[in-house]
file work_13.pdb (PDB, C-alpha atoms)
ATOM      1  CA  MET H1285      -3.242  -3.787  19.131
ATOM      2  CA  THR H1286      -6.192  -1.527  18.422
ATOM      3  CA  VAL H1287      -8.310  -2.659  15.456
ATOM      4  CA  GLY H1288     -10.844  -0.568  13.552
ATOM      5  CA  VAL H1289      -9.319   2.865  14.180
ATOM      6  CA  GLN H1290      -8.783   5.325  11.323
ATOM      7  CA  ASP H1291      -7.276   8.136  13.408
ATOM      8  CA  VAL H1292      -4.126   7.635  15.512
ATOM      9  CA  PHE H1293      -5.576   9.865  18.251
ATOM     10  CA  GLU H1294      -8.659   7.655  18.697
ATOM     11  CA  VAL H1295      -6.971   4.408  19.812
ATOM     12  CA  LEU H1296      -9.166   4.262  22.918
ATOM     13  CA  PHE H1297     -12.270   3.824  20.745
ATOM     14  CA  GLY H1298     -11.140   0.776  18.750
ATOM     15  CA  GLU H1299     -11.304  -2.936  19.463
ATOM     16  CA  SER H1300      -8.308  -4.107  21.521
ATOM     17  CA  ILE H1301      -6.933  -7.526  20.465
ATOM     18  CA  ASP H1302      -3.581  -9.119  21.221
ATOM     19  CA  VAL H1303      -1.268  -9.962  18.328
ATOM     20  CA  ASP H1304      -0.403 -13.664  18.232
ATOM     21  CA  VAL H1305       2.175 -13.638  15.398
ATOM     22  CA  GLN H1306       4.120 -10.906  13.567
ATOM     23  CA  VAL H1307       5.618 -11.776  10.173
ATOM     24  CA  VAL H1308       8.077  -9.230   8.771
ATOM     25  CA  HIS H1309       8.876  -9.452   5.052
ATOM     26  CA  PRO H1310      12.131 -11.471   4.807
ATOM     27  CA  ARG H1311      13.777  -8.793   2.655
ATOM     28  CA  TYR H1312      12.788  -5.833   4.835
ATOM     29  CA  GLY H1313      15.722  -3.691   5.962
ATOM     30  CA  GLU H1314      17.988  -4.356   2.976
ATOM     31  CA  GLY H1315      18.197  -0.621   2.287
ATOM     32  CA  PHE H1316      15.102  -0.519   0.072
ATOM     33  CA  LYS H1317      11.528   0.581   0.770
ATOM     34  CA  GLU H1318       9.885  -2.018  -1.452
ATOM     35  CA  PHE H1319       9.548  -4.611   1.319
ATOM     36  CA  ASP H1320       8.137  -2.383   4.078
ATOM     37  CA  ILE H1321       5.254  -4.682   5.003
ATOM     38  CA  MET H1322       4.303  -6.862   7.970
ATOM     39  CA  LEU H1323       1.474  -9.349   8.485
ATOM     40  CA  LEU H1324      -0.169  -9.668  11.884
ATOM     41  CA  LYS H1325      -2.174 -12.650  13.104
ATOM     42  CA  LEU H1326      -4.620 -11.606  15.776
ATOM     43  CA  ALA H1327      -5.028 -13.807  18.853
ATOM     44  CA  GLU H1328      -8.804 -13.845  18.341
ATOM     45  CA  PRO H1329     -11.311 -12.910  15.614
ATOM     46  CA  SER H1330     -12.306  -9.276  15.200
ATOM     47  CA  ASP H1331     -15.752  -7.792  14.605
ATOM     48  CA  GLN H1332     -14.210  -5.241  12.218
ATOM     49  CA  PRO H1333     -14.559  -5.519   8.415
ATOM     50  CA  TYR H1334     -11.518  -6.841   6.562
ATOM     51  CA  ILE H1335      -9.957  -6.534   3.128
ATOM     52  CA  GLN H1336      -9.464  -9.697   1.096
ATOM     53  CA  LEU H1337      -6.095  -9.853  -0.678
ATOM     54  CA  ASN H1338      -5.978 -10.562  -4.392
ATOM     55  CA  LEU H1339      -4.636 -14.043  -5.169
ATOM     56  CA  GLU H1340      -5.342 -14.029  -8.940
ATOM     57  CA  GLU H1341      -2.251 -13.631 -11.157
ATOM     58  CA  ASN H1342      -4.212 -12.053 -14.036
ATOM     59  CA  VAL H1343      -5.735  -9.303 -11.898
ATOM     60  CA  PRO H1344      -5.634  -6.320 -12.048
ATOM     61  CA  ASN H1345      -6.256  -5.534 -15.710
ATOM     62  CA  GLU H1346      -5.587  -2.321 -17.620
ATOM     63  CA  ASN H1347      -7.641   0.595 -16.232
ATOM     64  CA  ASP H1348      -8.947  -1.435 -13.283
ATOM     65  CA  GLN H1349      -9.390   0.856 -10.321
ATOM     66  CA  LEU H1350      -7.113   0.226  -7.338
ATOM     67  CA  TRP H1351      -7.843   1.460  -3.824
ATOM     68  CA  VAL H1352      -4.732   2.433  -1.867
ATOM     69  CA  ILE H1353      -4.836   3.166   1.880
ATOM     70  CA  GLY H1354      -2.260   4.013   4.504
ATOM     71  CA  PHE H1355      -0.739   6.360   7.067
ATOM     72  CA  GLY H1356       2.318   6.972   4.857
ATOM     73  CA  ASP H1357       4.377  10.032   4.082
ATOM     74  CA  THR H1358       2.084  12.849   2.916
ATOM     75  CA  GLU H1359       4.943  15.035   1.603
ATOM     76  CA  PRO H1360       7.292  12.559  -0.186
ATOM     77  CA  LEU H1361       9.260  15.280  -2.005
ATOM     78  CA  GLN H1362      10.399  16.904   1.258
ATOM     79  CA  LEU H1363      13.481  15.750   3.176
ATOM     80  CA  ILE H1364      11.548  15.349   6.439
ATOM     81  CA  GLN H1365       8.858  12.677   6.437
ATOM     82  CA  THR H1366       5.370  13.856   7.405
ATOM     83  CA  PHE H1367       3.085  10.955   8.266
ATOM     84  CA  ALA H1368      -0.700  11.137   8.245
ATOM     85  CA  PHE H1369      -2.588  10.981  11.540
ATOM     86  CA  VAL H1370      -5.805   9.937   9.771
ATOM     87  CA  LEU H1371      -5.950   6.952   7.413
ATOM     88  CA  LYS H1372      -5.660   8.229   3.836
ATOM     89  CA  GLU H1373      -7.087   6.668   0.693
ATOM     90  CA  VAL H1374      -6.866   7.257  -3.036
ATOM     91  CA  ASP H1375      -8.333   5.566  -6.115
ATOM     92  CA  LEU H1376      -5.831   4.909  -8.912
ATOM     93  CA  ASP H1377      -6.050   3.239 -12.328
ATOM     94  CA  TYR H1378      -3.839   0.221 -13.005
ATOM     95  CA  VAL H1379      -1.329   0.608 -15.870
ATOM     96  CA  PRO H1380       0.291  -2.545 -17.332
ATOM     97  CA  PRO H1381       4.093  -2.762 -16.790
ATOM     98  CA  GLU H1382       4.814  -2.623 -20.534
ATOM     99  CA  GLU H1383       2.966   0.699 -20.899
ATOM    100  CA  CYS H1384       4.704   2.111 -17.837
ATOM    101  CA  ASP H1385       8.134   1.054 -19.148
ATOM    102  CA  LEU H1386       7.375   2.825 -22.436
ATOM    103  CA  ALA H1387       6.413   6.010 -20.581
ATOM    104  CA  TYR H1388       9.641   5.987 -18.550
ATOM    105  CA  GLY H1389      11.819   4.820 -21.453
ATOM    106  CA  TYR H1390      13.250   1.760 -19.705
ATOM    107  CA  ASN H1391      12.235  -1.310 -17.690
ATOM    108  CA  ILE H1392      11.427   0.308 -14.367
ATOM    109  CA  ILE H1393       8.704  -2.078 -13.143
ATOM    110  CA  GLN H1394       9.889  -5.142 -11.239
ATOM    111  CA  ASP H1395       7.760  -8.150 -10.264
ATOM    112  CA  HIS H1396       6.937  -6.706  -6.830
ATOM    113  CA  MET H1397       5.804  -3.306  -8.185
ATOM    114  CA  MET H1398       2.690  -1.855  -9.819
ATOM    115  CA  CYS H1399       2.264   1.083 -12.142
ATOM    116  CA  THR H1400      -0.735   3.385 -11.700
ATOM    117  CA  SER H1401      -2.178   6.659 -12.923
ATOM    118  CA  THR H1402      -5.031   8.925 -11.958
ATOM    119  CA  SER H1403      -8.123   9.330 -14.119
ATOM    120  CA  ASP H1404      -7.339  12.967 -14.839
ATOM    121  CA  ASN H1405      -3.608  12.445 -15.446
ATOM    122  CA  LYS H1406      -2.656   9.537 -17.686
ATOM    123  CA  ALA H1407       1.066   9.892 -16.925
ATOM    124  CA  PRO H1408       1.852   6.640 -15.097
ATOM    125  CA  TRP H1409       3.435   6.481 -11.662
ATOM    126  CA  TYR H1410       5.199   3.434 -10.388
ATOM    127  CA  VAL H1411       4.532   2.243  -6.880
ATOM    128  CA  GLN H1412       7.393   0.690  -4.933
ATOM    129  CA  HIS H1413       5.725  -0.002  -1.604
TER     130      HIS H1413
END
call {"tool": "encode", "arguments": {"input": "work_13.pdb", "output": "structure tokens"}}
result
Amino acid sequence: MTVGVQDVFEVLFGESIDVDVQVVHPRYGEGFKEFDIMLLKLAEPSDQPYIQLNLEENVPNENDQLWVIGFGDTEPLQLIQTFAFVLKEVDLDYVPPEECDLAYGYNIIQDHMMCTSTSDNKAPWYVQH
């Protein structure tokens, strides 16, 4: 695996480390996108910076800023998926589930989801992935 690369065409410039363990979410592949996640344990430590996962139940709070990154679909409304070649990022504001449910008119947010909005558009979006 190549670590520390933000462009899929620059894999030769990253740090090459073997993957020791792959852990696929146990509910992945059940016909839903919500569980499309995998954890990788590297065979040795990396020199690259890392992101610490949140383990606090009471975080985030209303209007906390969330940083979302990924190589995901850049045109989700089109039938053909178009994935990014360069790592994308966006800052979003956290919206509590109750407020999101009110905006949508029903209980749309499940325990494994978050609701967000952008600073310039207070209409909440729910995130399934």
call {"tool": "residues_around", "arguments": {"input": "work_13.pdb", "residues": "Thr1358 of chain H", "least_positions_apart": "2", "cutoff": "8 Å", "atoms": "only C-alpha atoms", "output": "list of chain:residue names"}}
result
H:Gly1356, H:Pro1360, H:Gln1365, H:Thr1366, H:Phe1367, H:Ala1368
call {"tool": "residues_near_point", "arguments": {"input": "work_13.pdb", "point": "(-7.1, 1.5, 14.8)", "cutoff": "10 Å", "atoms": "all atoms listed in the file", "output": "mmCIF file with C-alpha atoms, in the frame of the given file"}}
result
data_model
loop_
_atom_site.group_PDB
_atom_site.id
_atom_site.type_symbol
_atom_site.label_atom_id
_atom_site.label_comp_id
_atom_site.auth_asym_id
_atom_site.auth_seq_id
_atom_site.Cartn_x
_atom_site.Cartn_y
_atom_site.Cartn_z
ATOM 1 C CA MET H 1285 -3.242 -3.787 19.131
ATOM 2 C CA THR H 1286 -6.192 -1.527 18.422
ATOM 3 C CA VAL H 1287 -8.310 -2.659 15.456
ATOM 4 C CA GLY H 1288 -10.844 -0.568 13.552
ATOM 5 C CA VAL H 1289 -9.319 2.865 14.180
ATOM 6 C CA GLN H 1290 -8.783 5.325 11.323
ATOM 7 C CA ASP H 1291 -7.276 8.136 13.408
ATOM 8 C CA VAL H 1292 -4.126 7.635 15.512
ATOM 9 C CA PHE H 1293 -5.576 9.865 18.251
ATOM 10 C CA GLU H 1294 -8.659 7.655 18.697
ATOM 11 C CA VAL H 1295 -6.971 4.408 19.812
ATOM 12 C CA LEU H 1296 -9.166 4.262 22.918
ATOM 13 C CA PHE H 1297 -12.270 3.824 20.745
ATOM 14 C CA GLY H 1298 -11.140 0.776 18.750
ATOM 15 C CA GLU H 1299 -11.304 -2.936 19.463
ATOM 16 C CA SER H 1300 -8.308 -4.107 21.521
ATOM 17 C CA VAL H 1370 -5.805 9.937 9.771
ATOM 18 C CA LEU H 1371 -5.950 6.952 7.413
#
call {"tool": "resolve_selection", "arguments": {"input": "work_13.pdb", "expression": "the PyMOL selection byres ((chain H and resi 1396) around 8)", "output": "MDAnalysis selection string"}}
result
chainID H and resid 1318 1394:1395 1397:1398 1412
call {"tool": "resolve_selection", "arguments": {"input": "work_13.pdb", "expression": "the PyMOL selection byres ((chain H and resi 1349) around 8)", "output": "list in words"}}
result
Asn1347, Asp1348, Leu1350, Trp1351, Asp1375, Leu1376, Asp1377 and Tyr1378 of chain H
call {"tool": "atom_distance", "arguments": {"input": "work_13.pdb", "atom1": "atom CA of Ala1387 of chain H", "atom2": "atom CA of Ser1401 of chain H"}}
result
11.5 Å
call {"tool": "atom_distance", "arguments": {"input": "work_13.pdb", "atom1": "atom CA of Leu1326 of chain H", "atom2": "atom CA of Asn1338 of chain H"}}
result
20.2 Å
call {"tool": "axis_aligned_box", "arguments": {"input": "work_13.pdb", "around": "segment 1352-1366 of chain H", "padding_each_side": "8 Å", "output": "AutoDock Vina command-line options"}}
result
--center_x 4.3 --center_y 9.7 --center_z 2.7 --size_x 34.3 --size_y 30.5 --size_z 25.4
call {"tool": "resolve_selection", "arguments": {"input": "work_13.pdb", "expression": "the PyMOL selection byres ((chain H and resi 1372) around 6)", "output": "ChimeraX atom specification"}}
result
/H:1353-1354,1371,1373
call {"tool": "residues_around", "arguments": {"input": "work_13.pdb", "residues": "Val1307 of chain H", "least_positions_apart": "3", "cutoff": "12 Å", "atoms": "only C-alpha atoms", "output": "list in words"}}
result
Val1303, Asp1304, Pro1310, Arg1311, Tyr1312, Asp1320, Ile1321, Met1322, Leu1323, Leu1324, Lys1325 and Leu1326 of chain H
call {"tool": "atom_distance", "arguments": {"input": "work_13.pdb", "atom1": "atom CA of Ser1330 of chain H", "atom2": "atom CA of Phe1355 of chain H"}}
result
21.1 Å
call {"tool": "build_atoms", "arguments": {"input": "work_13.pdb", "residues": "segment 1382-1397 of chain H", "atoms": "N, CA, C and O atoms", "output": "PDB file, keeping the file's coordinate frame"}}
result
ATOM      1  N   GLU H1382       4.253  -2.954 -19.224  1.00  0.00           N
ATOM      2  CA  GLU H1382       4.814  -2.623 -20.534  1.00  0.00           C
ATOM      3  C   GLU H1382       4.548  -1.158 -20.895  1.00  0.00           C
ATOM      4  O   GLU H1382       5.414  -0.461 -21.411  1.00  0.00           O
ATOM      5  N   GLU H1383       3.323  -0.688 -20.610  1.00  0.00           N
ATOM      6  CA  GLU H1383       2.966   0.699 -20.899  1.00  0.00           C
ATOM      7  C   GLU H1383       3.757   1.661 -19.998  1.00  0.00           C
ATOM      8  O   GLU H1383       4.201   2.724 -20.440  1.00  0.00           O
ATOM      9  N   CYS H1384       3.944   1.283 -18.767  1.00  0.00           N
ATOM     10  CA  CYS H1384       4.704   2.111 -17.837  1.00  0.00           C
ATOM     11  C   CYS H1384       6.170   2.196 -18.276  1.00  0.00           C
ATOM     12  O   CYS H1384       6.771   3.276 -18.262  1.00  0.00           O
ATOM     13  N   ASP H1385       6.746   1.063 -18.678  1.00  0.00           N
ATOM     14  CA  ASP H1385       8.134   1.054 -19.148  1.00  0.00           C
ATOM     15  C   ASP H1385       8.309   1.955 -20.362  1.00  0.00           C
ATOM     16  O   ASP H1385       9.303   2.678 -20.480  1.00  0.00           O
ATOM     17  N   LEU H1386       7.317   1.943 -21.266  1.00  0.00           N
ATOM     18  CA  LEU H1386       7.375   2.825 -22.436  1.00  0.00           C
ATOM     19  C   LEU H1386       7.350   4.297 -22.019  1.00  0.00           C
ATOM     20  O   LEU H1386       8.074   5.122 -22.574  1.00  0.00           O
ATOM     21  N   ALA H1387       6.526   4.623 -21.028  1.00  0.00           N
ATOM     22  CA  ALA H1387       6.413   6.010 -20.581  1.00  0.00           C
ATOM     23  C   ALA H1387       7.708   6.495 -19.941  1.00  0.00           C
ATOM     24  O   ALA H1387       8.102   7.651 -20.107  1.00  0.00           O
ATOM     25  N   TYR H1388       8.395   5.611 -19.216  1.00  0.00           N
ATOM     26  CA  TYR H1388       9.641   5.987 -18.550  1.00  0.00           C
ATOM     27  C   TYR H1388      10.858   5.790 -19.450  1.00  0.00           C
ATOM     28  O   TYR H1388      11.945   6.285 -19.155  1.00  0.00           O
ATOM     29  N   GLY H1389      10.716   5.019 -20.522  1.00  0.00           N
ATOM     30  CA  GLY H1389      11.819   4.820 -21.453  1.00  0.00           C
ATOM     31  C   GLY H1389      12.739   3.671 -21.116  1.00  0.00           C
ATOM     32  O   GLY H1389      13.734   3.452 -21.793  1.00  0.00           O
ATOM     33  N   TYR H1390      12.444   2.932 -20.066  1.00  0.00           N
ATOM     34  CA  TYR H1390      13.250   1.760 -19.705  1.00  0.00           C
ATOM     35  C   TYR H1390      12.439   0.863 -18.777  1.00  0.00           C
ATOM     36  O   TYR H1390      11.379   1.247 -18.311  1.00  0.00           O
ATOM     37  N   ASN H1391      12.948  -0.332 -18.525  1.00  0.00           N
ATOM     38  CA  ASN H1391      12.235  -1.310 -17.690  1.00  0.00           C
ATOM     39  C   ASN H1391      12.354  -0.928 -16.227  1.00  0.00           C
ATOM     40  O   ASN H1391      13.277  -1.341 -15.543  1.00  0.00           O
ATOM     41  N   ILE H1392      11.391  -0.172 -15.751  1.00  0.00           N
ATOM     42  CA  ILE H1392      11.427   0.308 -14.367  1.00  0.00           C
ATOM     43  C   ILE H1392      10.610  -0.593 -13.430  1.00  0.00           C
ATOM     44  O   ILE H1392      10.879  -0.662 -12.248  1.00  0.00           O
ATOM     45  N   ILE H1393       9.612  -1.286 -13.972  1.00  0.00           N
ATOM     46  CA  ILE H1393       8.704  -2.078 -13.143  1.00  0.00           C
ATOM     47  C   ILE H1393       9.269  -3.476 -12.908  1.00  0.00           C
ATOM     48  O   ILE H1393       9.526  -4.222 -13.836  1.00  0.00           O
ATOM     49  N   GLN H1394       9.439  -3.811 -11.633  1.00  0.00           N
ATOM     50  CA  GLN H1394       9.889  -5.142 -11.239  1.00  0.00           C
ATOM     51  C   GLN H1394       8.673  -5.961 -10.811  1.00  0.00           C
ATOM     52  O   GLN H1394       7.566  -5.433 -10.680  1.00  0.00           O
ATOM     53  N   ASP H1395       8.874  -7.257 -10.576  1.00  0.00           N
ATOM     54  CA  ASP H1395       7.760  -8.150 -10.264  1.00  0.00           C
ATOM     55  C   ASP H1395       6.977  -7.739  -9.016  1.00  0.00           C
ATOM     56  O   ASP H1395       5.801  -8.046  -8.894  1.00  0.00           O
ATOM     57  N   HIS H1396       7.608  -7.070  -8.074  1.00  0.00           N
ATOM     58  CA  HIS H1396       6.937  -6.706  -6.830  1.00  0.00           C
ATOM     59  C   HIS H1396       6.383  -5.276  -6.866  1.00  0.00           C
ATOM     60  O   HIS H1396       6.034  -4.725  -5.839  1.00  0.00           O
ATOM     61  N   MET H1397       6.287  -4.679  -8.043  1.00  0.00           N
ATOM     62  CA  MET H1397       5.804  -3.306  -8.185  1.00  0.00           C
ATOM     63  C   MET H1397       4.545  -3.255  -9.046  1.00  0.00           C
ATOM     64  O   MET H1397       4.264  -4.187  -9.780  1.00  0.00           O
TER      65      MET H1397
END
